[in-house]
$ cat entry08.csv   # CSV, C-alpha atoms
chain,number,residue,atom,x,y,z
P,180,MET,CA,25.8,-15.8,-13.5
P,181,HIS,CA,26.2,-18.1,-10.5
P,182,VAL,CA,24.9,-21.5,-9.5
P,183,LEU,CA,24.7,-22.8,-6.0
P,184,LYS,CA,25.3,-26.6,-5.7
P,185,ASN,CA,25.8,-29.2,-3.0
P,186,ILE,CA,22.7,-28.2,-1.1
P,187,SER,CA,21.3,-30.8,1.3
P,188,THR,CA,17.8,-29.3,1.3
P,189,LEU,CA,16.5,-26.1,-0.3
P,190,TYR,CA,13.3,-24.8,1.3
P,191,THR,CA,11.7,-22.7,-1.5
P,192,CYS,CA,8.8,-21.5,0.7
P,193,ARG,CA,6.5,-20.8,-2.2
P,194,ARG,CA,3.2,-19.1,-1.4
P,195,GLU,CA,0.8,-21.9,-2.5
P,196,GLY,CA,-0.4,-24.6,-0.1
P,197,LEU,CA,-0.9,-24.5,3.6
P,198,GLN,CA,1.2,-22.9,6.4
P,199,LYS,CA,3.2,-26.2,6.7
P,200,ASN,CA,4.0,-26.4,3.0
P,201,VAL,CA,7.6,-25.0,2.5
P,202,HIS,CA,8.2,-27.0,-0.7
P,203,PRO,CA,11.6,-28.5,0.0
P,204,ILE,CA,13.9,-29.8,-2.7
P,205,GLN,CA,16.6,-32.4,-1.8
P,206,ASN,CA,20.0,-32.1,-3.5
P,207,ALA,CA,19.0,-28.8,-5.1
P,208,ALA,CA,20.7,-26.2,-7.2
P,209,VAL,CA,19.9,-22.5,-7.6
P,210,VAL,CA,21.0,-20.2,-10.4
P,211,TRP,CA,21.0,-16.4,-10.2
P,212,ALA,CA,22.2,-13.4,-12.2
P,213,GLU,CA,21.8,-9.7,-12.0
P,214,GLY,CA,20.4,-10.0,-8.4
P,215,LYS,CA,17.5,-12.3,-9.3
P,216,PHE,CA,16.9,-16.1,-9.3
P,217,LYS,CA,16.9,-17.6,-12.8
P,218,TRP,CA,16.4,-21.3,-12.1
P,219,VAL,CA,15.6,-23.6,-9.1
P,220,GLY,CA,15.5,-27.4,-9.0
P,221,LYS,CA,17.4,-30.6,-8.4
P,222,GLU,CA,21.1,-30.4,-9.2
P,223,GLU,CA,20.8,-33.4,-11.5
P,224,GLY,CA,18.3,-31.5,-13.6
P,225,LEU,CA,20.4,-28.3,-14.1
P,226,PRO,CA,19.8,-27.1,-17.7
P,227,GLU,CA,22.8,-27.2,-20.0
P,228,GLU,CA,22.7,-23.4,-20.5
P,229,TYR,CA,23.7,-23.0,-16.8
P,230,HIS,CA,26.6,-25.5,-16.8
P,231,SER,CA,29.2,-22.7,-17.5
P,232,ALA,CA,27.9,-20.5,-14.6
P,233,GLU,CA,30.3,-19.8,-11.7
P,234,VAL,CA,29.8,-22.5,-9.1
P,235,VAL,CA,29.3,-21.7,-5.4
P,236,ASP,CA,29.5,-24.6,-3.0
P,237,ALA,CA,26.9,-24.9,-0.2
P,238,LYS,CA,29.0,-27.6,1.4
P,239,GLY,CA,26.1,-29.9,2.1
P,240,ASN,CA,24.2,-27.3,4.1
P,241,MET,CA,20.5,-26.3,3.9
P,242,VAL,CA,19.3,-23.1,2.1
P,243,VAL,CA,16.3,-20.9,3.0
P,244,PRO,CA,15.0,-17.6,1.6
P,245,GLY,CA,16.3,-14.4,3.2
P,246,LEU,CA,14.2,-13.7,6.4
P,247,VAL,CA,11.6,-11.0,6.4
P,248,ASP,CA,11.0,-9.0,9.6
P,249,CYS,CA,7.6,-7.5,9.0
P,250,HIS,CA,7.2,-5.5,12.2
P,251,THR,CA,9.9,-3.3,13.8
P,252,HIS,CA,10.3,0.1,15.5
P,253,LEU,CA,13.9,0.5,14.3
P,254,CYS,CA,14.3,4.3,14.7
P,255,PHE,CA,14.2,5.6,18.3
P,256,GLY,CA,16.1,7.7,20.8
P,257,GLY,CA,17.7,6.2,23.9
P,258,TRP,CA,16.9,2.9,25.6
P,259,ARG,CA,14.8,1.7,28.6
P,260,PRO,CA,16.9,-0.9,30.4
P,261,ASP,CA,15.5,0.1,33.8
P,262,GLU,CA,12.0,-1.1,32.8
P,263,PHE,CA,13.5,-4.6,32.3
P,264,GLU,CA,14.3,-4.8,36.0
P,265,MET,CA,11.0,-3.2,37.0
P,266,ARG,CA,9.1,-5.9,35.1
P,267,ILE,CA,11.1,-8.6,36.8
P,268,ARG,CA,10.2,-7.1,40.1
P,269,GLY,CA,6.5,-7.3,39.2
P,270,LYS,CA,5.8,-3.7,38.1
P,271,SER,CA,2.9,-3.4,35.7
P,272,TYR,CA,2.8,-1.4,32.5
P,273,LEU,CA,0.8,1.3,34.1
P,274,GLU,CA,3.2,1.6,37.1
P,275,ILE,CA,6.1,1.8,34.8
P,276,ALA,CA,4.4,4.6,32.8
P,277,LYS,CA,3.6,6.5,36.0
P,278,ALA,CA,7.3,6.2,37.0
P,279,GLY,CA,8.3,8.0,33.7
P,280,GLY,CA,8.8,5.0,31.5
P,281,GLY,CA,6.8,3.5,28.7
P,282,ILE,CA,6.3,4.8,25.1
P,283,LEU,CA,6.3,8.4,26.2
P,284,SER,CA,9.8,8.0,27.7
P,285,THR,CA,11.1,7.0,24.2
P,286,VAL,CA,9.1,9.9,22.7
P,287,LYS,CA,10.9,12.4,24.8
P,288,GLN,CA,14.3,10.9,23.9
P,289,THR,CA,13.4,10.6,20.2
P,290,ARG,CA,12.3,14.2,20.0
P,291,ALA,CA,15.6,15.3,21.7
P,292,ALA,CA,17.7,13.4,19.2
P,293,THR,CA,18.9,15.0,15.9
P,294,PHE,CA,18.2,13.4,12.5
P,295,GLU,CA,21.9,12.5,12.2
P,296,GLU,CA,21.9,10.8,15.7
P,297,LEU,CA,18.9,8.8,14.8
P,298,TYR,CA,20.3,7.8,11.4
P,299,GLU,CA,23.6,6.7,12.8
P,300,LYS,CA,22.0,4.6,15.6
P,301,SER,CA,19.5,3.0,13.2
P,302,ALA,CA,22.2,2.2,10.6
P,303,SER,CA,24.3,0.5,13.3
P,304,LEU,CA,21.3,-1.5,14.4
P,305,LEU,CA,20.3,-2.4,10.9
P,306,LYS,CA,23.8,-3.9,10.2
P,307,LYS,CA,23.3,-6.2,13.2
P,308,ILE,CA,19.8,-7.1,12.0
P,309,MET,CA,21.1,-8.1,8.6
P,310,ALA,CA,23.7,-10.3,10.2
P,311,ARG,CA,20.8,-12.3,11.7
P,312,GLY,CA,19.6,-13.2,8.2
P,313,VAL,CA,17.1,-10.5,7.7
P,314,THR,CA,17.1,-9.3,4.1
P,315,THR,CA,13.7,-7.4,4.1
P,316,ILE,CA,12.4,-5.3,7.0
P,317,GLU,CA,9.5,-3.1,7.9
P,318,CYS,CA,10.1,0.0,10.0
P,319,LYS,CA,7.6,2.2,11.9
P,320,SER,CA,7.6,5.7,13.2
P,321,GLY,CA,5.5,6.4,16.3
P,322,TYR,CA,8.1,7.8,18.7
P,323,GLY,CA,7.7,11.4,17.5
P,324,LEU,CA,4.0,12.0,18.0
P,325,ALA,CA,4.5,15.5,16.6
P,326,LEU,CA,4.5,16.4,12.9
P,327,GLN,CA,8.2,17.3,12.7
P,328,ASP,CA,9.4,14.4,14.8
P,329,GLU,CA,7.3,11.8,12.9
P,330,ILE,CA,8.6,13.2,9.7
P,331,LYS,CA,12.2,13.0,11.1
P,332,GLN,CA,11.8,9.3,11.8
P,333,LEU,CA,10.4,8.5,8.4
P,334,ARG,CA,13.2,10.4,6.7
P,335,VAL,CA,15.7,8.3,8.6
P,336,TYR,CA,14.1,5.2,6.9
P,337,LYS,CA,14.2,6.8,3.5
P,338,LYS,CA,17.9,7.5,3.9
P,339,LEU,CA,18.5,3.9,5.0
P,340,GLN,CA,16.7,2.8,1.8
P,341,GLU,CA,19.3,4.7,-0.1
P,342,HIS,CA,22.4,3.2,1.7
P,343,PHE,CA,21.5,-0.4,2.4
P,344,PRO,CA,20.8,-3.3,0.1
P,345,VAL,CA,17.9,-4.7,2.2
P,346,GLU,CA,14.4,-4.0,1.2
P,347,ILE,CA,12.9,-1.5,3.6
P,348,LYS,CA,9.1,-0.9,3.9
P,349,ILE,CA,8.0,2.1,5.9
P,350,THR,CA,5.0,2.5,8.2
P,351,PHE,CA,3.6,5.7,9.6
P,352,LEU,CA,2.5,5.1,13.3
P,353,GLY,CA,1.5,8.5,14.4
P,354,ALA,CA,-1.4,6.8,16.3
P,355,HIS,CA,0.9,5.0,18.7
P,356,THR,CA,-0.4,6.8,21.8
P,357,ILE,CA,-1.6,10.3,22.8
P,358,PRO,CA,1.4,12.6,23.5
P,359,PRO,CA,1.6,14.5,26.8
P,360,GLU,CA,0.8,17.9,25.3
P,361,PHE,CA,-2.6,16.5,24.1
P,362,LYS,CA,-3.4,14.7,27.3
P,363,SER,CA,-6.5,16.9,27.8
P,364,ASN,CA,-7.3,17.3,24.1
P,365,ARG,CA,-7.5,13.8,22.6
P,366,ASN,CA,-9.6,14.9,19.7
P,367,GLY,CA,-7.1,17.6,18.9
P,368,TYR,CA,-4.3,15.1,18.5
P,369,ILE,CA,-6.5,12.8,16.3
P,370,GLY,CA,-7.3,15.9,14.2
P,371,LEU,CA,-3.5,16.6,13.9
P,372,ILE,CA,-3.0,13.1,12.5
P,373,LEU,CA,-5.9,13.4,10.1
P,374,ASN,CA,-5.4,16.9,8.8
P,375,GLU,CA,-1.6,17.5,9.0
P,376,MET,CA,0.4,14.3,9.6
P,377,ILE,CA,-1.1,12.0,7.0
P,378,PRO,CA,-1.1,14.6,4.2
P,379,ALA,CA,2.5,15.6,5.0
P,380,VAL,CA,3.6,12.0,5.0
P,381,ALA,CA,1.9,11.4,1.6
P,382,GLU,CA,3.2,14.6,0.1
P,383,GLU,CA,6.8,13.5,0.6
P,384,ASN,CA,6.0,9.8,-0.2
P,385,LEU,CA,7.5,8.8,3.2
P,386,ALA,CA,5.5,5.7,4.0
P,387,ASP,CA,3.8,2.7,2.5
P,388,PHE,CA,1.5,1.9,5.4
P,389,CYS,CA,-0.6,3.6,8.1
P,390,ASP,CA,-0.7,1.7,11.5
P,391,VAL,CA,-2.8,2.3,14.6
P,392,PHE,CA,-2.4,0.9,18.1
P,393,VAL,CA,-5.9,-0.3,18.9
P,394,GLU,CA,-6.1,-0.9,22.6
P,395,GLU,CA,-7.9,0.4,25.7
P,396,SER,CA,-4.8,2.4,26.7
P,397,ALA,CA,-4.3,3.8,23.1
P,398,PHE,CA,-6.9,4.3,20.4
P,399,THR,CA,-10.5,3.0,20.1
P,400,VAL,CA,-11.9,1.1,17.2
P,401,GLU,CA,-13.8,4.2,16.1
P,402,GLU,CA,-10.8,6.4,16.2
P,403,ALA,CA,-8.6,3.9,14.4
P,404,GLN,CA,-11.1,3.4,11.6
P,405,LYS,CA,-11.2,7.2,11.0
P,406,ILE,CA,-7.4,7.3,10.9
P,407,LEU,CA,-7.0,4.2,8.7
P,408,GLU,CA,-9.7,5.3,6.2
P,409,THR,CA,-8.0,8.7,5.9
P,410,GLY,CA,-4.7,7.0,5.3
P,411,LYS,CA,-6.2,4.9,2.6
P,412,LYS,CA,-7.4,8.1,0.8
P,413,TYR,CA,-3.7,9.2,0.7
P,414,GLY,CA,-2.5,5.8,-0.6
P,415,LEU,CA,-1.3,4.3,2.8
P,416,THR,CA,-2.3,0.7,3.2
P,417,PRO,CA,-3.8,-0.1,6.7
P,418,LYS,CA,-2.0,-2.1,9.4
P,419,LEU,CA,-3.1,-2.6,13.0
P,420,HIS,CA,-1.6,-3.3,16.4
P,421,ALA,CA,-4.6,-5.4,17.5
P,422,ASP,CA,-6.0,-7.3,20.5
P,423,GLN,CA,-2.7,-7.5,22.4
P,424,LEU,CA,-3.9,-6.9,25.9
P,425,SER,CA,-7.6,-7.3,25.5
P,426,ASP,CA,-10.1,-8.3,22.8
P,427,GLY,CA,-11.0,-4.9,21.6
P,428,GLY,CA,-12.3,-5.7,18.2
P,429,GLY,CA,-9.0,-5.0,16.4
P,430,ALA,CA,-9.1,-8.1,14.2
P,431,GLU,CA,-12.7,-7.3,13.1
P,432,LEU,CA,-11.6,-3.8,12.2
P,433,ALA,CA,-8.6,-5.1,10.3
P,434,ALA,CA,-11.0,-7.1,8.1
P,435,GLU,CA,-13.4,-4.2,7.7
P,436,VAL,CA,-10.8,-1.7,6.5
P,437,GLY,CA,-8.9,-4.1,4.3
P,438,ALA,CA,-5.8,-4.1,6.4
P,439,ILE,CA,-2.8,-6.0,5.0
P,440,SER,CA,-2.0,-7.4,8.5
P,441,ALA,CA,-3.2,-7.4,12.1
P,442,ASP,CA,-0.3,-7.8,14.6
P,443,HIS,CA,0.0,-9.1,18.1
P,444,LEU,CA,-3.5,-10.8,18.4
P,445,GLU,CA,-2.8,-12.5,21.8
P,446,GLN,CA,-6.4,-11.9,22.9
P,447,VAL,CA,-8.1,-12.2,19.5
P,448,SER,CA,-11.6,-13.6,19.3
P,449,ASP,CA,-12.8,-16.5,17.2
P,450,GLU,CA,-15.0,-14.1,15.3
P,451,GLY,CA,-12.1,-11.8,14.6
P,452,LEU,CA,-10.1,-14.7,13.2
P,453,LYS,CA,-13.0,-15.7,11.0
P,454,LYS,CA,-13.3,-12.3,9.6
P,455,MET,CA,-9.5,-12.0,9.0
P,456,ALA,CA,-9.6,-15.3,7.1
P,457,GLU,CA,-12.5,-14.1,5.0
P,458,HIS,CA,-10.8,-10.9,4.0
P,459,GLY,CA,-7.2,-12.3,3.6
P,460,VAL,CA,-5.6,-10.4,6.5
P,461,THR,CA,-2.3,-11.9,7.6
P,462,GLY,CA,-1.8,-12.4,11.3
P,463,VAL,CA,1.6,-11.4,12.7
P,464,THR,CA,2.8,-13.0,16.0
P,465,LEU,CA,5.3,-11.0,18.1
P,466,PRO,CA,6.6,-13.5,20.7
P,467,LEU,CA,9.6,-11.4,21.8
P,468,ALA,CA,7.1,-8.9,23.2
P,469,SER,CA,5.4,-11.7,25.2
P,470,LEU,CA,8.9,-12.9,26.4
P,471,TYR,CA,9.9,-9.5,27.7
P,472,THR,CA,6.6,-8.4,29.1
P,473,GLN,CA,5.9,-11.8,30.6
P,474,GLN,CA,2.4,-11.9,29.0
P,475,PRO,CA,0.7,-14.9,27.4
P,476,TYR,CA,2.0,-15.9,23.9
P,477,LEU,CA,-0.3,-16.0,20.9
P,478,ASP,CA,-1.5,-19.5,20.2
P,479,CYS,CA,-0.7,-19.5,16.5
P,480,ARG,CA,-2.4,-22.9,16.0
P,481,ARG,CA,-5.7,-21.1,16.4
P,482,LEU,CA,-4.9,-18.9,13.4
P,483,VAL,CA,-3.7,-21.7,11.2
P,484,GLU,CA,-6.9,-23.7,12.0
P,485,ALA,CA,-9.0,-20.7,11.2
P,486,GLY,CA,-7.3,-20.3,7.8
P,487,VAL,CA,-5.4,-17.1,8.7
P,488,PRO,CA,-1.8,-17.0,7.3
P,489,VAL,CA,0.7,-16.5,10.1
P,490,ALA,CA,3.8,-14.3,9.9
P,491,VAL,CA,6.4,-13.9,12.7
P,492,ALA,CA,8.3,-10.7,13.5
P,493,THR,CA,10.5,-9.3,16.3
P,494,ASP,CA,8.5,-6.1,17.2
P,495,PHE,CA,12.0,-4.7,17.9
P,496,ASN,CA,11.6,-1.6,20.1
P,497,PRO,CA,13.4,-0.2,23.2
P,498,GLY,CA,10.6,-1.1,25.7
P,499,SER,CA,8.6,-4.3,25.2
P,500,ALA,CA,10.8,-6.1,22.7
P,501,PRO,CA,14.4,-4.9,22.9
P,502,SER,CA,15.8,-7.7,20.7
P,503,PHE,CA,16.1,-7.8,16.9
P,504,ASP,CA,16.8,-11.6,16.8
P,505,LEU,CA,14.3,-12.9,14.3
P,506,PRO,CA,15.6,-16.5,14.5
P,507,LEU,CA,14.9,-16.3,18.3
P,508,ALA,CA,11.4,-15.1,17.6
P,509,MET,CA,11.0,-18.1,15.3
P,510,MET,CA,12.1,-20.5,18.0
P,511,LEU,CA,9.7,-19.0,20.4
P,512,THR,CA,6.9,-19.4,17.8
P,513,CYS,CA,7.7,-23.1,17.8
P,514,ASN,CA,7.9,-23.5,21.5
P,515,HIS,CA,5.1,-21.2,22.6
P,516,GLY,CA,3.1,-20.4,19.5
P,517,ARG,CA,2.7,-24.2,18.7
P,518,LEU,CA,3.8,-24.0,15.1
P,519,THR,CA,6.2,-26.6,13.6
P,520,PRO,CA,9.6,-25.4,12.4
P,521,ALA,CA,8.4,-25.7,8.8
P,522,GLU,CA,5.3,-23.6,9.6
P,523,THR,CA,7.5,-21.1,11.4
P,524,LEU,CA,9.9,-20.8,8.5
P,525,LYS,CA,7.0,-20.0,6.2
P,526,ALA,CA,5.9,-17.4,8.8
P,527,ALA,CA,9.3,-15.7,8.6
P,528,THR,CA,9.6,-15.7,4.8
P,529,ILE,CA,6.7,-15.7,2.3
P,530,CYS,CA,3.9,-15.0,4.9
P,531,ALA,CA,5.9,-12.1,6.4
P,532,ALA,CA,6.5,-10.8,2.9
P,533,GLN,CA,2.7,-11.0,2.4
P,534,ALA,CA,2.2,-8.9,5.5
P,535,ILE,CA,4.1,-6.0,3.9
P,536,GLY,CA,2.9,-6.5,0.3
P,537,MET,CA,6.2,-7.9,-0.9
P,538,GLU,CA,5.3,-11.5,-1.7
P,539,ASN,CA,5.8,-11.1,-5.4
P,540,VAL,CA,9.4,-9.8,-4.8
P,541,VAL,CA,10.9,-11.6,-1.8
P,542,GLY,CA,10.1,-14.3,0.7
P,543,SER,CA,10.7,-17.4,-1.5
P,544,VAL,CA,13.3,-18.9,-3.8
P,545,GLU,CA,11.6,-18.7,-7.2
P,546,PRO,CA,12.7,-17.5,-10.6
P,547,GLY,CA,12.2,-13.8,-11.1
P,548,LYS,CA,12.4,-12.9,-7.4
P,549,LYS,CA,15.3,-11.2,-5.6
P,550,ALA,CA,18.2,-13.5,-5.0
P,551,ASP,CA,18.0,-13.2,-1.2
P,552,PHE,CA,18.9,-16.4,0.6
P,553,LEU,CA,20.8,-17.9,3.6
P,554,ILE,CA,23.1,-20.9,3.8
P,555,ILE,CA,22.7,-22.5,7.2
P,556,ASN,CA,24.9,-25.3,8.7
P,557,SER,CA,22.0,-27.5,9.6
P,558,PRO,CA,20.7,-30.6,7.9
P,559,ASP,CA,17.1,-29.4,8.0
P,560,ILE,CA,14.7,-26.8,9.5
P,561,ASN,CA,13.8,-29.0,12.5
P,562,PHE,CA,17.4,-29.2,13.6
P,563,TRP,CA,17.9,-25.4,13.1
P,564,MET,CA,15.1,-24.5,15.4
P,565,TYR,CA,15.8,-27.4,17.9
P,566,HIS,CA,19.5,-26.6,18.2
P,567,PHE,CA,19.0,-22.9,18.5
P,568,GLY,CA,22.2,-20.9,18.4
P,569,GLY,CA,24.2,-24.0,17.5
P,570,SER,CA,23.3,-24.1,13.9
P,571,GLU,CA,24.7,-20.9,12.5
P,572,ILE,CA,24.0,-18.9,9.4
P,573,GLU,CA,27.1,-19.6,7.3
P,574,ARG,CA,26.5,-17.0,4.5
P,575,ILE,CA,23.9,-14.4,3.7
P,576,TYR,CA,23.2,-13.3,0.1
P,577,ILE,CA,21.2,-10.1,-0.7
P,578,LYS,CA,20.5,-9.5,-4.4
P,579,GLY,CA,22.9,-12.3,-5.2
P,580,GLU,CA,25.8,-10.7,-3.4
P,581,ILE,CA,27.3,-12.1,-0.3
P,582,LEU,CA,26.9,-9.9,2.8
P,583,ARG,CA,30.3,-9.0,4.3
P,584,ALA,CA,30.6,-8.2,8.0
$ encode --input "entry08.csv" --output "structure tokens"
Amino acid sequence: MHVLKNISTLYTCRREGLQKNVHPIQNAAVVWAEGKFKWVGKEEGLPEEYHSAEVVDAKGNMVVPGLVDCHTHLCFGGWRPDEFEMRIRGKSYLEIAKAGGGILSTVKQTRAATFEELYEKSASLLKKIMARGVTTIECKSGYGLALQDEIKQLRVYKKLQEHFPVEIKITFLGAHTIPPEFKSNRNGYIGLILNEMIPAVAEENLADFCDVFVEESAFTVEEAQKILETGKKYGLTPKLHADQLSDGGGAELAAEVGAISADHLEQVSDEGLKKMAEHGVTGVTLPLASLYTQQPYLDCRRLVEAGVPVAVATDFNPGSAPSFDLPLAMMLTCNHGRLTPAETLKAATICAAQAIGMENVVGSVEPGKKADFLIINSPDINFWMYHFGGSEIERIYIKGEILRA
């Protein structure tokens, strides 16, 4: 049993309250044992039964829950650095795709990669992600777009679950785009997703969620509804890439199918937000995608005012968001998403946990939850976001064990 003392401020980030309520405790102490929190409160109120616990000194730093990255595309073949320059030179998404780039470029490289190559690459990246303070992560397929290659990606994530201490939630994203071999047979590919991919994923218990990219250049609302409803029949909870480039009714669909989250939302309608709030759908902002694609950022203040809980994630992928730095995404959410540092911290902890159905396990510092937390050399959350890169994460704990480099 251990007790963490000498904490300047502990941000517990409990679920109750508004987006801004992160439930700070000054001069706090935290007790954990066997990988879970046992007691949380002011140091002066530490119960006598914990006085003999091994003391860990926070050295006057602040403490926050382990961060939750609730939207990533971790497993992929190759990279797409040339697209970075092309965008700087003013090339559009369509022009990049016509030049051989875009999602299908990564599909080609992912299909060519072996399972072992994809696992080694993903494992190497995951270690770096954990060093950014991420203790829970969601990972999507979507770069296979063929039965065997989607399964290959999902099996990589299952193996990562076996070898890493972080919580990993897995999403099947076979409906990312139409693969080239089905360019003239759109219905044929959708049939493949419905009749072969989803049943195979469910049979091996390879995923928790089913996601669809709902966009003019990807899948229609009607197609997405069919895919998501089929996923539900096989035990896969719906998620959506929604309203990123245009208001295509993705938010409304998320509410209708009972999605756990709708992600992107840069062009979401007021009606879509209203329905999301009514049905308890979490909105996920992905500011790194806006940064890299030079597109407008989501105004998260609209979501908060509509009563929609906001989560923040990296959208880490080789094309539109080739960064896995969740604290950077948090800072961008402050500066461009118009959330305060406290609101953003909640977005990267308990709200992000809610977006992947993990709010009862991680995302806050509460008795009974996993002892995932960060010690940060900053006096408070405002200073951490304001002095980005200057206030470093001193220590990372996962299941009560310190993460070693």
$ atom_distance --input "entry08.csv" --atom1 "atom CA of P:Glu435" --atom2 "atom CA of P:Thr464"
20.2 Å
$ atom_distance --input "entry08.csv" --atom1 "atom CA of P:Glu329" --atom2 "atom CA of P:Leu371"
11.9 Å
$ closest_residue --input "entry08.csv" --among "P:Asp504, P:Glu401, P:Glu375, P:Asp328" --to "P:Leu305" --atoms "all atoms listed in the file"
P:Asp504
$ closest_atom_pairs --input "entry08.csv" --of "stretch 313-334 of chain P" --to "stretch 532-554 of chain P" --cutoff "9 Å" --atoms "all atoms listed in the file" --output "tab-separated table"
residue	atom	partner	partner_atom	distance
P:Thr314	CA	P:Asp551	CA	6.6
P:Thr315	CA	P:Val541	CA	7.8
P:Ile316	CA	P:Ile535	CA	8.9
P:Glu317	CA	P:Ile535	CA	7.3
$ residues_around --input "entry08.csv" --residues "P:Ile369" --least-positions-apart "3" --cutoff "12 Å" --atoms "all atoms listed in the file" --output "ChimeraX atom specification"
/P:324-325,353-358,361-362,364-366,372-377,391,397-399,401-407,409
$ closest_residue --input "entry08.csv" --among "P:Met180, P:Gly312, P:Pro488, P:Gly410" --to "P:Glu195" --atoms "only C-alpha atoms"
P:Pro488
$ closest_residue --input "entry08.csv" --among "P:Gly280, P:Asp478, P:Ile529, P:Tyr322" --to "P:Arg517" --atoms "only C-alpha atoms"
P:Asp478
